[in-house]
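J.: Let me begin by handing over the structure; questions about it come next.
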Amino acid sequence: MSDDGRPGPGPTAPAGPAGTAVVGLADAHVVHRARSGGLFSRDRVYALTGADLTVAPGETVGVVGESGCGKSTLAKVLVGVERPTAGSVSFQGRDLWSMPPAERRTTVGANAGMVFQDPSTALNRRLPVHRILRDPLDVHARGTRAARAERVRELMDLVGLPPALADALPGQLSGGQRQRVAIARALALDPALVVADEPTSALDVSVRAQILNLLLDLKERLGLALVFVSHDIQTVRRMSDRVITMYLGRIVEEAPAGEVTDRSRHPYTRALFSATPGLLAPIDPIPLTGPVPSATRPPSGCPFRTRCWKADASCVARMPDFSAASRPGHRYRCHHPVEEDRSTRDLVHQTDPREP
Ligand SMILES: Nc1ncnc2c1ncn2[C@@H]1O[C@H](COP(=O)(O)OP(=O)(O)OP(=O)(O)O)[C@@H](O)[C@H]1O
């Protein structure tokens with residue numbers, strides 16, 4: 001059950017056949033020292049605030065939001081690369097950060113792989129492909145030498161890399177081939193979850209579709225859970241079962257992918273999707289007032305209130321809790337949600353952007 005009492009893939013829903021999420025975040029926060037303020041600055045960046053999320057086995061969760069809203073931070077927290085400042089991360093129901101370091105490394109290795117944006121920087125340039133792929137098997141002492149060599153061959157085949165490339169260095173590969181190596185490396189230990197953070201944005205347009213199709217194909221064949229972070233909202237919607245909208249470090253809505261374009265309840269989600277070409281018949285985007293506020297000094301109450309055409313004093317006073325939409329697995333945090341049956345096209349003409 002989600003915390004609003006509805007069944008479905010909400011943050012506290014039973015996830016998967018055994019009722020155990022592959023990964024779960026509970027009230028996770030990440031606060032950084034601001035880069036701009038210098039070594040002794042007291043300024044803090046609120047990169048992630050109060051994130052609750054579970055990912056069920058086999059599910060694809062897409063994450064959308066403007067630059068700097070905390071998508072990469074969420075991704076890194078999900079795979080144990082970044083420790084939350086507060087809150088918890090659990091794999092298969094076990095709290096990651098209360099484990100001894102060796103057990104934590106083993107748990108992350110066995111459960112989660114990550115694919116980064118730019119394979120040129122994510123791969124060790126000095127190692128040939130077969131060594132890059134064998135490395136996680138060596139570190140986690142998986143199988144005999146012969147079994148590891150066989151697993152490397154299997155991984156290359158899985159991602160469509162010809163055996164002849166086993167001795168190639170990353171610099172001798174195309175961008176698409178490098179990303180295939182990165183995906184194979186993420187799969188080396190047979191994880192239940194892969195988190196892909198902008199996996200195609202550094203690639204030529206011509207190979208993007210191949211990499212996305214590869215991820216979808218692997219997800220189907222291996223039963224993977226996939227968390228997919230991208231600026232490309234149209235792709236996120238196409239790839240995902242569920243879409244998470246983030247704004248200024250907070251998850252503000254979760255909706256089944258089919259609901260998100262025209263039935264989302266959070267004004268920000270509607271605005272974001274209205275500005276995405278090709279999803280709806282051509283419309284002018286819903287106009288938002290002003291820039292995204294600084295993550296160092298987020299507004300009180302609802303962080304979106306300074307740009308929202310529906311904001312009033314209640315939005316200044318308090319961040320709303322999650323409310324359930326009528327469909328299972330759809331929830332949002334807003335005091336003045338968009339009516340469910342209101343089309344985005346209709347909204348575009350009704351919005352009245354005001355000065356904050
Ligand atoms: N190590 C760090 N030190 C200080 N601030 C950081 C650090 N990492 C991230 N931030 C800040 O935290 C906020 C969230 O960053 P994050 O990279 O998670 O956002 P994002 O949504 O992934 O952005 P983008 O889409 O541009 O990649 C931003 O304001 C960013 O500048």
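Letters for chains follow the order of the structure tokens (A, B, ...), residue numbers begin at 1 for each chain, and ligand numbers begin at 1 in the order shown.
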Please run DSSP on the backbone and report, as a PyMOL selection string, all residues within range 175-307 of chain A that come out as helix (DSSP H, G or I).

T.: chain A and resi 175-187+205-222+233-239+257-259+267-274+303-306

J.: Kindly provide, as a short mmCIF file (atom, residue, chain, number, x, y, z; two decimals) with N, CA and C atoms, in the first residue's frame, all nucleotide and amino acid residues lying within 7 Å of ligand 1, counting only C-alpha atoms and all ligand atoms.

T.:
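Okay, this is what ended up in part.cif:
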```cif
data_model
loop_
_atom_site.label_atom_id
_atom_site.label_comp_id
_atom_site.auth_asym_id
_atom_site.auth_seq_id
_atom_site.Cartn_x
_atom_site.Cartn_y
_atom_site.Cartn_z
N HIS A 32 24.79 19.41 0.12
CA HIS A 32 26.22 19.65 -0.18
C HIS A 32 26.63 21.01 0.36
N ARG A 33 27.93 21.16 0.58
CA ARG A 33 28.49 22.49 0.79
C ARG A 33 28.50 23.17 -0.59
N ALA A 34 28.05 24.41 -0.65
CA ALA A 34 27.96 25.08 -1.96
C ALA A 34 29.36 25.23 -2.56
N ARG A 35 29.49 24.91 -3.85
CA ARG A 35 30.79 25.00 -4.53
C ARG A 35 31.24 26.44 -4.64
N VAL A 45 23.77 23.39 -0.41
CA VAL A 45 22.92 23.12 -1.58
C VAL A 45 22.02 21.95 -1.21
N TYR A 46 20.73 22.17 -1.33
CA TYR A 46 19.77 21.11 -0.99
C TYR A 46 19.47 20.32 -2.26
N ALA A 47 20.36 19.33 -2.53
CA ALA A 47 20.30 18.60 -3.80
C ALA A 47 19.15 17.60 -3.83
N GLY A 65 12.83 16.40 -15.01
CA GLY A 65 12.92 17.66 -14.27
C GLY A 65 14.00 18.51 -14.90
N GLU A 66 13.94 19.80 -14.63
CA GLU A 66 14.92 20.71 -15.23
C GLU A 66 16.31 20.46 -14.67
N SER A 67 17.29 21.01 -15.37
CA SER A 67 18.68 20.89 -14.95
C SER A 67 18.85 21.36 -13.51
N GLY A 68 19.58 20.58 -12.72
CA GLY A 68 19.87 20.96 -11.35
C GLY A 68 18.80 20.58 -10.34
N CYS A 69 17.76 19.85 -10.77
CA CYS A 69 16.66 19.54 -9.83
C CYS A 69 16.98 18.32 -8.96
N GLY A 70 18.12 17.66 -9.19
CA GLY A 70 18.52 16.56 -8.31
C GLY A 70 18.39 15.18 -8.93
N LYS A 71 18.23 15.10 -10.24
CA LYS A 71 18.04 13.79 -10.88
C LYS A 71 19.29 12.90 -10.70
N SER A 72 20.46 13.48 -10.99
CA SER A 72 21.69 12.68 -10.86
C SER A 72 21.95 12.31 -9.41
N THR A 73 21.64 13.23 -8.52
CA THR A 73 21.83 12.94 -7.09
C THR A 73 20.95 11.76 -6.69
N LEU A 74 19.71 11.79 -7.11
CA LEU A 74 18.79 10.67 -6.82
C LEU A 74 19.38 9.38 -7.38
N HIS A 231 16.90 14.24 -19.89
CA HIS A 231 16.25 15.50 -20.24
C HIS A 231 15.22 15.28 -21.34
N GLY A 249 15.05 19.50 -6.02
CA GLY A 249 15.45 18.49 -5.04
C GLY A 249 14.34 17.63 -4.50
N ALA A 295 19.08 26.35 -5.42
CA ALA A 295 18.99 25.19 -4.52
C ALA A 295 19.68 25.48 -3.19
#
```

J.: Could you tell me which of A:Gly80, A:Tyr247, A:Val181, A:Val108 comes closest to Ser294 in chain A if we count only C-alpha atoms?

T.: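 The shortest atom-to-atom distance to Ser294 in chain A comes from A:Tyr247.
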
J.: At a cut-off of 9 Å, using only C-alpha atoms, what residues contact Ser264 in chain A? Leave out same-chain residues fewer than 3 positions from it and give the result as a CSV table (one decimal) with N, CA and C atoms, in the first residue's frame.

T.:
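Everything below was put into result.csv:
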```csv
chain,number,residue,atom,x,y,z
A,253,GLU,N,5.8,14.5,-8.1
A,253,GLU,CA,4.7,13.7,-8.6
A,253,GLU,C,5.3,12.4,-9.1
A,254,GLU,N,4.5,11.4,-9.0
A,254,GLU,CA,4.8,10.1,-9.6
A,254,GLU,C,3.5,9.6,-10.3
A,255,ALA,N,3.7,9.2,-11.6
A,255,ALA,CA,2.5,8.9,-12.3
A,255,ALA,C,2.8,7.7,-13.3
A,259,GLU,N,-0.3,8.4,-18.0
A,259,GLU,CA,-1.1,9.4,-17.4
A,259,GLU,C,-0.4,10.8,-17.4
A,260,VAL,N,0.9,10.8,-17.7
A,260,VAL,CA,1.7,11.9,-17.2
A,260,VAL,C,1.5,13.1,-18.2
A,261,THR,N,1.2,12.9,-19.4
A,261,THR,CA,1.1,14.0,-20.4
A,261,THR,C,-0.1,14.9,-20.2
A,267,PRO,N,1.0,21.1,-11.3
A,267,PRO,CA,1.1,22.1,-12.4
A,267,PRO,C,2.5,22.1,-13.0
A,269,THR,N,4.5,19.4,-13.6
A,269,THR,CA,4.5,18.3,-14.5
A,269,THR,C,3.8,18.7,-15.8
A,270,ARG,N,2.7,19.4,-15.7
A,270,ARG,CA,1.9,19.8,-16.8
A,270,ARG,C,2.7,20.8,-17.7
A,325,ALA,N,-4.0,10.3,-6.7
A,325,ALA,CA,-4.9,10.6,-7.8
A,325,ALA,C,-5.8,9.4,-7.9
A,330,HIS,N,-0.4,6.7,-8.8
A,330,HIS,CA,-0.3,8.1,-9.2
A,330,HIS,C,-0.5,9.0,-8.0
A,331,ARG,N,0.5,9.7,-7.6
A,331,ARG,CA,0.4,10.6,-6.5
A,331,ARG,C,1.2,11.9,-6.7
A,332,TYR,N,0.8,12.9,-6.0
A,332,TYR,CA,1.4,14.3,-6.3
A,332,TYR,C,1.4,15.1,-5.0
A,337,PRO,N,-4.0,21.1,-7.1
A,337,PRO,CA,-3.7,20.3,-8.3
A,337,PRO,C,-4.6,20.7,-9.5
A,338,VAL,N,-4.0,20.4,-10.6
A,338,VAL,CA,-4.8,20.5,-11.9
A,338,VAL,C,-5.9,19.5,-11.9
A,339,GLU,N,-7.1,19.8,-12.3
A,339,GLU,CA,-8.2,18.9,-12.4
A,339,GLU,C,-7.8,17.7,-13.3
A,340,GLU,N,-8.2,16.5,-12.9
A,340,GLU,CA,-7.7,15.3,-13.7
A,340,GLU,C,-8.2,15.3,-15.1
```

J.: Could you tell me which of A:Ile233, A:Ile132, A:Ala21, A:Leu218 comes closest to Pro57 in chain A if we count only C-alpha atoms?

T.: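 Of A:Ile233, A:Ile132, A:Ala21, A:Leu218, the one nearest Pro57 in chain A, counting only C-alpha atoms, is A:Ala21.
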
J.: Would you compute the distance between CA of Pro287 in chain A and CA of His266 in chain A? Give it in Å to one decimal.

T.: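 Distance between the two atoms: 14.6 Å.
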
J.: Write out as a list in words the residues lying within 7 Å of Gly290 in chain A, counting only C-alpha atoms and excluding same-chain residues fewer than 2 positions away.

T.: Leu288, Val292 and Arg307 of chain A

J.: If you keep C-alpha atoms, can you produce a file of those selected residues as a PDB file, in the first residue's frame?

T.:
```pdb
ATOM      1  CA  LEU A 288       6.173  29.843 -16.114  1.00  0.00           C
ATOM      2  CA  VAL A 292      14.209  28.153 -11.052  1.00  0.00           C
ATOM      3  CA  ARG A 307       6.639  30.075 -10.661  1.00  0.00           C
TER       4      ARG A 307
END
```

J.: Applying 12 Å and only C-alpha atoms, which residues near Arg94 in chain A remain after dropping the ones on its own chain fewer than 2 positions away? List them as a VMD selection string.

T.: chain A and resid 20 to 25 88 to 92 96 to 99 103 to 104 107 to 108 111

J.: Go through A:Thr245, A:Arg185, A:Phe322, A:Gly176 one by one, measure the shortest atom-to-atom distance of each to Val205 in chain A using only C-alpha atoms, and give the residue with the smallest value.

T.: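 Once distances to Val205 in chain A are computed over only C-alpha atoms, the minimum belongs to A:Gly176.
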
J.: Using only C-alpha atoms, find the one residue out of A:Ala311, A:Ala112, A:Leu123, A:Leu347 that sits nearest to His335 in chain A.

T.: A:Ala311

J.: With only C-alpha atoms as the atoms that count, which of A:Leu224, A:Cys334, A:Thr60, A:Thr144 lies nearest to Pro303 in chain A?

T.: A:Cys334
